[in-house]
Amino acid sequence: FQWWEKKIDSLPTLLHKKGLFSLHVFRRHIESMEPSIYNSTTYFEKWAYSITKCMLDANVFTQQELDLKLGVDMDEEAIFKVGDKVKVKYENYATRWRKPHLRTPGYIFGKVGVIERFCGVFSNPETLAFGGRDSKKPLYRVRFLQKTVWPAYPGCENDTIDIEITQNWLVTAIDDVTNDSEHLTQHQSEKHNHTHTNDHAHQHEKASEIEQNAVNSESPETPYQYLAQKLIELLLEKQIITRESMIEYMQNLDKLDEAPSGAVLVAHAWSDAQFHSEFLKNPVAAASKVGIHIETPLVAVENTDNVHNVVVCTLCSCYPKLLLGRPPDWYKSRSYRSRVVCDPRSVLKEFGVEIPSHMTVRVHDSTSDLRYLVVPQRPQGTEGWTVQQLINIITRDMLVGVAIPKVK
């Protein structure tokens with residue numbers, strides 16, 4: 001997990017505690033993403049998009065505040081004059097966090113023309129369409145040779161087409177750059193191209209130092225990572241969350257990634273018959289007796305000589321995070337989610353788990369409000385072991401059902 005992903009991962013829990021987050025609305029916004037954007041964004045980039053939409057819905061901040069933070073809605077002074085040679089930028093949905101409202105025709109992207117006249121300063125329709133601030137943009141009429149726009153144009157060489165284009169779509173054309181040259185995204189060519197090198201900070205450093213050192217280790221940011229950064233800045237500025245609470249949540253999950261508390265519950269169930277019985281009947285109540293507090297309804301499913309359990313969430317990636325830490329990439333992958341429900345034995349075999357034909361494989365699709373924890377069978381050779389010894393052989397994958405405990 002990159003540092004920005006861990007920060008975005010913390011937001012649903014922190015915002016839920018403030019009464020500002022609905023998991024159902026969050027899911028709906030992801031499902032409503034434009035296919036081109038959905039297919040080109042990563043797991044946590046989708047989260048950044050959806051949480052931003054949720055915050056706008058909840059009036060935590062306005063579209064104008066977000067646009068100003070993103071730097072996409074600022075007034076501009078005219079920088080071109082009549083006769084200047086200009087090139088029209090390319091639109092690339094991957095450079096925007098939402099499908100844009102365009103007033104520049106796509107057939108002119110990447111073409112070079114000449115400023116024919118300065119038309120004045122006008123409101124920017126591309127931000128007004130989303131309820132944003134009434135920013136002012138210089139408007140030009142740009143003249144293009146028809147042969148430049150349409151290489152197969154059948155008319156005369158000197159025929160032209162004039163198009164009204166706002167300044168934010170234009171860059172100075174360099175003489176040795178031809179039409180339809182290499183596509184440089186607006187995001188890369190302006191101000192968000194960074195390179196970072198440092199390692200993550202030590203856990204006991206101050207929150208600000210931890211964050212700075214972690215950020216320094218990130219790879220160059222994408223537009224959605226930039227959106228995530230500005231989303232978090234707005235939430236901090238409005239004191240919806242604090243940097244300290246975010247760091248604390250992230251560090252707690254870091255610990256669970258290394259030592260899942262679900263392993264503690266299973267170890268107690270293995271070593272204490274009464275706890276075992278109570279845990280299968282009411283996992284939440286039983287967990288509280290060993291100091292583990294679970295807020296989400298939990299179902300414990302036990303592997304036996306006749307049944308092997310495996311957990312999935314086909315609709316997203318529902319997962320008992322506060323017991324097991326962050327879900328691994330394979331659990332969130334489309335391949336695992338789509339295949340384990342219809343061919344679980346083959347998927348388990350890929351994990352190194354072959355289930356005999358006489359055993360039932362039971363798949364648990366965690367699609368709603370329940371979370372599942374697999375209680376694996378205690379391996380032979382662990383008789384007389386302490387709880388801590390048992391904990392040491394229990395892994396996250398066993399608690400999902402894609403691994404079986406063994407004694408080396």
# chains A, B, ... in the order shown; residues from 1 in each chain; ligands from 1
>>> residues_around(residues="Gln167 in chain A", least_positions_apart="2", cutoff="7 Å", atoms="only C-alpha atoms", output="CSV table (one decimal) with N, CA and C atoms, in the first residue's frame")
chain,number,residue,atom,x,y,z
A,137,LYS,N,-12.7,33.3,-18.2
A,137,LYS,CA,-11.7,32.8,-19.1
A,137,LYS,C,-11.6,33.7,-20.4
A,138,PRO,N,-10.4,34.1,-20.8
A,138,PRO,CA,-10.3,34.8,-22.1
A,138,PRO,C,-10.8,33.9,-23.2
A,139,LEU,N,-11.5,34.4,-24.1
A,139,LEU,CA,-12.0,33.7,-25.3
A,139,LEU,C,-11.4,34.2,-26.6
A,165,ILE,N,-12.5,29.4,-28.8
A,165,ILE,CA,-11.8,28.5,-27.8
A,165,ILE,C,-11.4,29.3,-26.6
A,169,TRP,N,-7.7,26.0,-23.0
A,169,TRP,CA,-7.5,24.9,-23.9
A,169,TRP,C,-6.3,25.2,-24.8
A,170,LEU,N,-5.6,26.3,-24.7
A,170,LEU,CA,-4.6,26.6,-25.7
A,170,LEU,C,-3.2,26.7,-25.1
>>> residues_around(residues="Arg396 in chain A", least_positions_apart="2", cutoff="7 Å", atoms="only C-alpha atoms", output="count of residues only")
6
>>> residues_around(residues="range 263-279 of chain A", least_positions_apart="2", cutoff="7 Å", atoms="only C-alpha atoms", output="PyMOL selection string")
chain A and resi 260-261+281-283+286-287+375+378+387+390-391+394-395
>>> closest_residue(among="A:Val311, A:Ile240, A:Val347, A:Ile115", to="His16 in chain A", atoms="only C-alpha atoms")
A:Ile240
>>> select_by_dssp(residues="range 8-155 of chain A", states="helix (DSSP H, G or I)", output="NGL selection string")
:A and (8-17 or 23-31 or 35-40 or 43-57 or 63-70 or 93-95 or 106-108 or 125-128 or 146-149)
>>> closest_residue(among="A:Val341, A:Leu66, A:Val86, A:Val121", to="Val171 in chain A", atoms="only C-alpha atoms")
A:Val86
